[in-house]
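Participant: Please find upload_18.cif (mmCIF, C-alpha atoms and all ligand atoms) on the next line:
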data_run
#
loop_
_atom_site.group_PDB
_atom_site.id
_atom_site.type_symbol
_atom_site.label_atom_id
_atom_site.label_comp_id
_atom_site.auth_asym_id
_atom_site.auth_seq_id
_atom_site.Cartn_x
_atom_site.Cartn_y
_atom_site.Cartn_z
ATOM 1 C CA MET A 1 8.510 8.287 -15.054
ATOM 2 C CA ARG A 2 11.197 9.804 -17.260
ATOM 3 C CA GLU A 3 10.501 13.518 -17.069
ATOM 4 C CA ARG A 4 10.286 15.880 -14.120
ATOM 5 C CA SER A 5 6.957 17.152 -15.537
ATOM 6 C CA GLU A 6 5.447 13.641 -15.140
ATOM 7 C CA ALA A 7 6.408 13.680 -11.469
ATOM 8 C CA GLU A 8 4.931 17.151 -11.028
ATOM 9 C CA ILE A 9 1.607 15.999 -12.554
ATOM 10 C CA GLN A 10 1.620 12.979 -10.229
ATOM 11 C CA VAL A 11 2.257 15.173 -7.160
ATOM 12 C CA GLU A 12 -0.617 17.477 -8.220
ATOM 13 C CA ARG A 13 -2.936 14.455 -8.519
ATOM 14 C CA VAL A 14 -1.930 13.136 -5.104
ATOM 15 C CA MET A 15 -2.442 16.559 -3.482
ATOM 16 C CA GLY A 16 -5.920 16.692 -5.097
ATOM 17 C CA PHE A 17 -6.775 13.283 -3.611
ATOM 18 C CA PHE A 18 -5.570 14.501 -0.228
ATOM 19 C CA ALA A 19 -7.679 17.674 -0.468
ATOM 20 C CA SER A 20 -10.808 15.684 -1.345
ATOM 21 C CA ARG A 21 -9.981 13.028 1.277
ATOM 22 C CA VAL A 22 -10.263 10.079 -1.108
ATOM 23 C CA ALA A 23 -6.636 8.981 -0.842
ATOM 24 C CA LEU A 24 -3.574 9.591 1.310
ATOM 25 C CA ARG A 25 -0.049 8.988 0.023
ATOM 26 C CA TRP A 26 3.169 9.034 2.030
ATOM 27 C CA THR A 27 6.657 9.156 0.582
ATOM 28 C CA ILE A 28 9.409 6.945 1.991
ATOM 29 C CA THR A 29 12.779 8.666 2.480
ATOM 30 C CA ARG A 30 15.780 8.178 4.741
ATOM 31 C CA PRO A 31 16.074 10.865 7.440
ATOM 32 C CA ALA A 32 19.369 12.217 6.109
ATOM 33 C CA GLU A 33 18.381 12.322 2.406
ATOM 34 C CA ASP A 34 15.572 14.157 0.675
ATOM 35 C CA ARG A 35 15.161 11.438 -1.964
ATOM 36 C CA LEU A 36 12.088 9.398 -2.774
ATOM 37 C CA LEU A 37 12.623 5.656 -2.200
ATOM 38 C CA GLY A 38 9.017 4.560 -2.354
ATOM 39 C CA HIS A 39 5.493 5.271 -1.225
ATOM 40 C CA VAL A 40 2.553 3.904 0.723
ATOM 41 C CA SER A 41 -1.031 4.915 -0.065
ATOM 42 C CA LEU A 42 -4.442 4.499 1.461
ATOM 43 C CA PHE A 43 -7.068 4.814 -1.266
ATOM 44 C CA ASN A 44 -10.744 4.102 -1.879
ATOM 45 C CA PHE A 45 -10.633 5.724 1.483
ATOM 46 C CA SER A 46 -13.869 6.425 3.292
ATOM 47 C CA GLU A 47 -14.176 7.538 6.888
ATOM 48 C CA GLN A 48 -17.917 6.654 6.735
ATOM 49 C CA SER A 49 -17.368 3.029 5.707
ATOM 50 C CA GLY A 50 -14.353 2.638 8.008
ATOM 51 C CA ARG A 51 -12.209 0.986 5.369
ATOM 52 C CA ALA A 52 -9.496 1.701 2.820
ATOM 53 C CA ASP A 53 -7.286 -0.106 0.322
ATOM 54 C CA ILE A 54 -3.540 -0.086 0.931
ATOM 55 C CA GLY A 55 -0.987 0.176 -1.875
ATOM 56 C CA TYR A 56 2.809 0.524 -1.865
ATOM 57 C CA GLY A 57 5.973 0.353 -3.911
ATOM 58 C CA LEU A 58 9.689 0.647 -3.320
ATOM 59 C CA ALA A 59 12.464 1.336 -5.840
ATOM 60 C CA ARG A 60 14.237 -1.957 -6.543
ATOM 61 C CA PRO A 61 17.658 -1.093 -4.998
ATOM 62 C CA HIS A 62 15.909 -0.725 -1.632
ATOM 63 C CA TRP A 63 14.159 -4.111 -1.534
ATOM 64 C CA GLY A 64 15.064 -6.695 1.106
ATOM 65 C CA GLN A 65 16.053 -4.253 3.886
ATOM 66 C CA GLY A 66 12.778 -4.091 5.788
ATOM 67 C CA LEU A 67 12.072 -0.490 4.707
ATOM 68 C CA MET A 68 8.587 -1.260 3.454
ATOM 69 C CA HIS A 69 7.823 -3.227 6.603
ATOM 70 C CA GLU A 70 8.711 -0.181 8.694
ATOM 71 C CA ALA A 71 6.645 2.141 6.454
ATOM 72 C CA LEU A 72 3.619 -0.179 6.299
ATOM 73 C CA THR A 73 3.663 -0.637 10.076
ATOM 74 C CA ALA A 74 3.531 3.152 10.533
ATOM 75 C CA VAL A 75 0.672 3.566 8.034
ATOM 76 C CA VAL A 76 -1.352 0.682 9.491
ATOM 77 C CA ASP A 77 -0.850 2.183 12.971
ATOM 78 C CA TYR A 78 -2.140 5.496 11.644
ATOM 79 C CA ALA A 79 -5.108 3.881 9.838
ATOM 80 C CA PHE A 80 -6.243 1.961 12.926
ATOM 81 C CA GLY A 81 -5.185 4.702 15.357
ATOM 82 C CA PRO A 82 -6.005 8.355 14.515
ATOM 83 C CA LEU A 83 -8.064 7.492 11.397
ATOM 84 C CA GLU A 84 -10.081 4.901 13.357
ATOM 85 C CA LEU A 85 -10.583 2.645 10.317
ATOM 86 C CA ARG A 86 -12.008 -0.810 10.967
ATOM 87 C CA ARG A 87 -10.551 -2.682 8.001
ATOM 88 C CA LEU A 88 -7.747 -2.472 5.428
ATOM 89 C CA GLU A 89 -7.804 -4.329 2.122
ATOM 90 C CA ALA A 90 -5.213 -5.219 -0.490
ATOM 91 C CA ASP A 91 -5.257 -7.109 -3.730
ATOM 92 C CA VAL A 92 -2.089 -8.706 -4.990
ATOM 93 C CA ASP A 93 -1.060 -10.672 -8.062
ATOM 94 C CA PRO A 94 -0.500 -14.274 -6.832
ATOM 95 C CA ALA A 95 2.900 -14.182 -8.584
ATOM 96 C CA ASN A 96 4.022 -11.199 -6.465
ATOM 97 C CA ALA A 97 5.621 -13.196 -3.654
ATOM 98 C CA ALA A 98 7.459 -10.207 -2.091
ATOM 99 C CA SER A 99 4.225 -8.264 -1.748
ATOM 100 C CA LEU A 100 2.345 -11.224 -0.280
ATOM 101 C CA ARG A 101 5.178 -11.747 2.240
ATOM 102 C CA ALA A 102 5.029 -8.048 3.207
ATOM 103 C CA LEU A 103 1.298 -8.357 3.981
ATOM 104 C CA ASP A 104 1.654 -11.754 5.713
ATOM 105 C CA ARG A 105 4.256 -10.184 8.037
ATOM 106 C CA LEU A 106 1.694 -7.566 9.074
ATOM 107 C CA GLY A 107 -0.963 -10.199 9.802
ATOM 108 C CA PHE A 108 -3.211 -9.738 6.744
ATOM 109 C CA SER A 109 -5.465 -12.752 6.035
ATOM 110 C CA ARG A 110 -5.943 -14.162 2.552
ATOM 111 C CA GLU A 111 -9.695 -13.887 2.112
ATOM 112 C CA GLY A 112 -10.172 -15.021 -1.452
ATOM 113 C CA LEU A 113 -8.875 -15.548 -4.946
ATOM 114 C CA LEU A 114 -10.551 -13.460 -7.633
ATOM 115 C CA ARG A 115 -10.049 -15.203 -10.953
ATOM 116 C CA GLU A 116 -8.980 -13.258 -14.054
ATOM 117 C CA ARG A 117 -9.543 -10.021 -12.149
ATOM 118 C CA TRP A 118 -7.075 -7.797 -14.058
ATOM 119 C CA GLN A 119 -6.001 -7.314 -17.632
ATOM 120 C CA VAL A 120 -2.818 -5.348 -18.285
ATOM 121 C CA GLY A 121 -2.088 -5.275 -22.019
ATOM 122 C CA ASP A 122 -2.604 -8.864 -23.164
ATOM 123 C CA THR A 123 -1.906 -10.368 -19.748
ATOM 124 C CA ILE A 124 -4.831 -11.489 -17.620
ATOM 125 C CA SER A 125 -4.125 -12.256 -13.978
ATOM 126 C CA ASP A 126 -5.932 -13.501 -10.903
ATOM 127 C CA THR A 127 -5.765 -11.495 -7.697
ATOM 128 C CA VAL A 128 -5.379 -12.558 -4.070
ATOM 129 C CA PHE A 129 -7.689 -10.485 -1.888
ATOM 130 C CA LEU A 130 -6.413 -9.790 1.631
ATOM 131 C CA GLY A 131 -7.851 -8.047 4.666
ATOM 132 C CA LEU A 132 -6.695 -6.875 8.086
ATOM 133 C CA LEU A 133 -9.042 -5.791 10.879
ATOM 134 C CA ALA A 134 -8.306 -3.126 13.471
ATOM 135 C CA ARG A 135 -9.112 -5.542 16.299
ATOM 136 C CA GLU A 136 -6.569 -8.049 14.914
ATOM 137 C CA TRP A 137 -3.902 -5.321 14.696
ATOM 138 C CA HIS A 138 -4.568 -4.064 18.220
ATOM 139 C CA SER A 139 -4.511 -7.585 19.664
ATOM 140 C CA ARG A 140 -1.103 -8.244 17.994
ATOM 141 C CA ALA A 141 0.265 -4.980 19.392
HETATM 142 C C1 LIG A 201 6.392 -5.323 -2.439
HETATM 143 C C2 LIG A 201 7.712 -4.675 -2.039
HETATM 144 C C3 LIG A 201 7.485 -3.299 -1.500
HETATM 145 C C4 LIG A 201 8.379 -5.551 -0.961
HETATM 146 O O1 LIG A 201 9.657 -5.003 -0.645
HETATM 147 P P1 LIG A 201 10.565 -5.695 0.494
HETATM 148 O O2 LIG A 201 11.797 -4.908 0.607
HETATM 149 O O3 LIG A 201 10.659 -7.165 0.226
HETATM 150 O O4 LIG A 201 9.635 -5.522 1.761
HETATM 151 P P2 LIG A 201 10.003 -5.362 3.295
HETATM 152 O O5 LIG A 201 10.364 -3.979 3.645
HETATM 153 O O6 LIG A 201 8.834 -5.982 4.013
HETATM 154 O O7 LIG A 201 11.317 -6.188 3.465
HETATM 155 C C5 LIG A 201 11.268 -7.498 3.854
HETATM 156 C C6 LIG A 201 12.552 -8.180 3.436
HETATM 157 O O8 LIG A 201 13.652 -7.475 4.004
HETATM 158 C C7 LIG A 201 14.358 -8.352 4.910
HETATM 159 N N1 LIG A 201 14.761 -7.551 6.082
HETATM 160 C C8 LIG A 201 16.017 -7.127 6.318
HETATM 161 N N2 LIG A 201 16.039 -6.391 7.432
HETATM 162 C C9 LIG A 201 14.775 -6.330 7.903
HETATM 163 C C10 LIG A 201 14.175 -5.721 9.020
HETATM 164 N N3 LIG A 201 14.890 -5.003 9.902
HETATM 165 N N4 LIG A 201 12.820 -5.840 9.190
HETATM 166 C C11 LIG A 201 12.071 -6.550 8.321
HETATM 167 N N5 LIG A 201 12.607 -7.172 7.220
HETATM 168 C C12 LIG A 201 13.954 -7.069 7.025
HETATM 169 C C13 LIG A 201 13.385 -9.459 5.231
HETATM 170 O O9 LIG A 201 14.072 -10.672 5.546
HETATM 171 C C14 LIG A 201 12.591 -9.570 3.969
HETATM 172 O O10 LIG A 201 13.228 -10.365 2.992
HETATM 173 P P3 LIG A 201 12.511 -11.706 2.498
HETATM 174 O O11 LIG A 201 11.126 -11.309 2.052
HETATM 175 O O12 LIG A 201 13.407 -12.183 1.413
HETATM 176 O O13 LIG A 201 12.444 -12.566 3.709
HETATM 177 C C15 LIG A 201 8.667 -4.579 -3.257
HETATM 178 O O14 LIG A 201 8.908 -5.872 -3.758
HETATM 179 C C16 LIG A 201 8.109 -3.693 -4.377
HETATM 180 O O15 LIG A 201 8.146 -2.473 -4.305
HETATM 181 N N6 LIG A 201 7.583 -4.328 -5.452
HETATM 182 C C17 LIG A 201 7.071 -3.584 -6.597
HETATM 183 C C18 LIG A 201 5.773 -2.859 -6.292
HETATM 184 C C19 LIG A 201 4.719 -3.802 -5.794
HETATM 185 O O16 LIG A 201 4.678 -4.979 -6.151
HETATM 186 N N7 LIG A 201 3.839 -3.270 -4.948
HETATM 187 C C20 LIG A 201 2.754 -4.017 -4.356
HETATM 188 C C21 LIG A 201 1.640 -4.208 -5.330
HETATM 189 S S1 LIG A 201 0.386 -5.236 -4.616
#
Please, can you express the file's structure as structure tokens?
Facilitator:
Amino acid sequence: MRERSEAEIQVERVMGFFASRVALRWTITRPAEDRLLGHVSLFNFSEQSGRADIGYGLARPHWGQGLMHEALTAVVDYAFGPLELRRLEADVDPANAASLRALDRLGFSREGLLRERWQVGDTISDTVFLGLLAREWHSRA
């Protein structure tokens, strides 16, 4: 994003998702600063099916400090606690080692490789599909 208006449109979209209960997005900040460092989202969210996808991103200067680990732990706790979901899913580009490490740390299992799943511009990439079950999370805790 380059313009404030782009951010405002994005916030409107996210609030709409929240209102219709199809996605939840949290912002990551430090307690003393009101500045956005990153986000974590639950999307394709359905209380009926008991599952959601998890997505996340952190601005590059904040990588490697464990911030996303702390944020993901809180969101997974919330998903398997108050939201009572049964399963979380993620799909990750196999080349995205930092993201795969973040999910491995939480106990996600690699459940499959979907070949040529995404096309972004001219680039076609496979995706690693990962899942974490509530009962696995609770037994780790
Ligand atoms: C994926 C992404 C969020 C990972 O960020 P990250 O900072 O590596 O993630 P974490 O918060 O889990 O930090 C873990 C790293 O911090 C280090 N660290 C330092 N202090 C730590 C602490 N107290 N607790 C945990 N880790 C700590 C760890 O050693 C680890 O480094 P390593 O992976 O080199 O071993 C980041 O690379 C990103 O935003 N990428 C772009 C967006 C993206 O790819 N999103 C996911 C799409 S599927």
Participant: I need the output of the PyMOL selection byres (((chain A and resi 87) around 9) and not hetatm) for this file as a list in words; which residues are they?
Facilitator: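 With the PyMOL selection byres (((chain A and resi 87) around 9) and not hetatm) on this model, the match is Gly50, Arg51, Ala52, Asp53, Ala79, Phe80, Leu85, Arg86, Leu88, Glu89, Gly131, Leu132, Leu133, Ala134 and Arg135 of chain A.
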Participant: For the selection you just gave me, I'd like the residues written to a file as a short mmCIF file (atom, residue, chain, number, x, y, z; two decimals), in the frame of the given file, keeping C-alpha atoms.
Facilitator:
data_model
loop_
_atom_site.label_atom_id
_atom_site.label_comp_id
_atom_site.auth_asym_id
_atom_site.auth_seq_id
_atom_site.Cartn_x
_atom_site.Cartn_y
_atom_site.Cartn_z
CA GLY A 50 -14.35 2.64 8.01
CA ARG A 51 -12.21 0.99 5.37
CA ALA A 52 -9.50 1.70 2.82
CA ASP A 53 -7.29 -0.11 0.32
CA ALA A 79 -5.11 3.88 9.84
CA PHE A 80 -6.24 1.96 12.93
CA LEU A 85 -10.58 2.64 10.32
CA ARG A 86 -12.01 -0.81 10.97
CA LEU A 88 -7.75 -2.47 5.43
CA GLU A 89 -7.80 -4.33 2.12
CA GLY A 131 -7.85 -8.05 4.67
CA LEU A 132 -6.70 -6.88 8.09
CA LEU A 133 -9.04 -5.79 10.88
CA ALA A 134 -8.31 -3.13 13.47
CA ARG A 135 -9.11 -5.54 16.30
#
Participant: What does the list of residues within 7 Å of ligand LIG 201 (chain A) look like if you count only C-alpha atoms and all ligand atoms, written as a list in words?
Facilitator: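 For ligand LIG 201 (chain A), the residues inside 7 Å are Gly55, Tyr56, Gly57, Leu58, Ala59, Arg60, His62, Trp63, Gly64, Gln65, Gly66, Leu67, Met68, His69, Glu70, Ala90, Asp91, Val92, Asp93, Asn96, Ala98, Ser99, Arg101 and Ala102 of chain A.
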Participant: Mind telling me what the PyMOL selection byres (((chain A and resi 122-127) around 10) and not hetatm) catches here, as a count of residues only?
Facilitator: 20
Participant: Which polymer residues, whether protein, DNA or RNA, lie within 7 Å of the coordinate (-4.6, 10.2, 0.3) when you count all atoms listed in the file? List them as a list in words, using the chain letters and numbers from the file.
Facilitator: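 Those residues lying close to the given coordinates are Val14, Phe17, Phe18, Arg21, Val22, Ala23, Leu24, Arg25, Ser41, Leu42 and Phe43 of chain A.
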Participant: What separation in Å, quoted to one decimal, exists between atom CA of A:Gly107 and atom CA of A:Val75?
Facilitator: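 One can read the atom CA of A:Gly107 to atom CA of A:Val75 distance as 14.0 Å.
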Participant: Using all atoms listed in the file for the distances, tell me which of A:Arg35, A:Leu83, A:Ala74, A:Leu100 is nearest to A:Gln48.
Facilitator: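 Closest candidate: A:Leu83.
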Participant: Please work out which residues fall within 7 Å of (10.0, 6.1, -2.7), coordinates as given in the file, with all atoms listed in the file counting, and return them as number ranges by chain.
Facilitator: A: 27-29, 36-39, 58-59
Participant: Store the residues picked out above, limited to C-alpha atoms, as a compact mmCIF listing (two decimals), in the frame of the given file.
Facilitator:
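And here's out_36.txt as it stands now:
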# COMPACT_ATOMS: atom_id res chain seq x y z
CA THR A 27 6.66 9.16 0.58
CA ILE A 28 9.41 6.94 1.99
CA THR A 29 12.78 8.67 2.48
CA LEU A 36 12.09 9.40 -2.77
CA LEU A 37 12.62 5.66 -2.20
CA GLY A 38 9.02 4.56 -2.35
CA HIS A 39 5.49 5.27 -1.23
CA LEU A 58 9.69 0.65 -3.32
CA ALA A 59 12.46 1.34 -5.84
Participant: So what do you get for atom CA of A:Ala7 versus atom CA of A:Ala97, distance-wise?
Facilitator: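 Between atom CA of A:Ala7 and atom CA of A:Ala97 the gap works out to 28.0 Å.
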Participant: Suppose you want the space between atom CA of A:Glu12 and atom CA of A:Asp77; what is it in Å?
Facilitator: 26.1 Å
Participant: Given all atoms listed in the file as the basis, pick out the residue of A:Ile9, A:Ala141, A:Ala32, A:Leu72 nearest to A:Asp104.
Facilitator: A:Leu72
Participant: Around stretch 105-108 of chain A, with edges along x, y and z and 4 Å added on all six sides, what centre and edge lengths do you get, in Å to one decimal, as JSON?
Facilitator:
{"center_x": 0.5, "center_y": -8.9, "center_z": 8.3, "size_x": 15.5, "size_y": 10.6, "size_z": 11.1}
Participant: Compare A:Arg105, A:Val11, A:Glu47, A:Glu33 by their minimum atom-to-atom distance to A:Thr73, counting all atoms listed in the file, and give me the closest one.
Facilitator: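 Among A:Arg105, A:Val11, A:Glu47, A:Glu33, it is A:Arg105 that comes nearest to A:Thr73.
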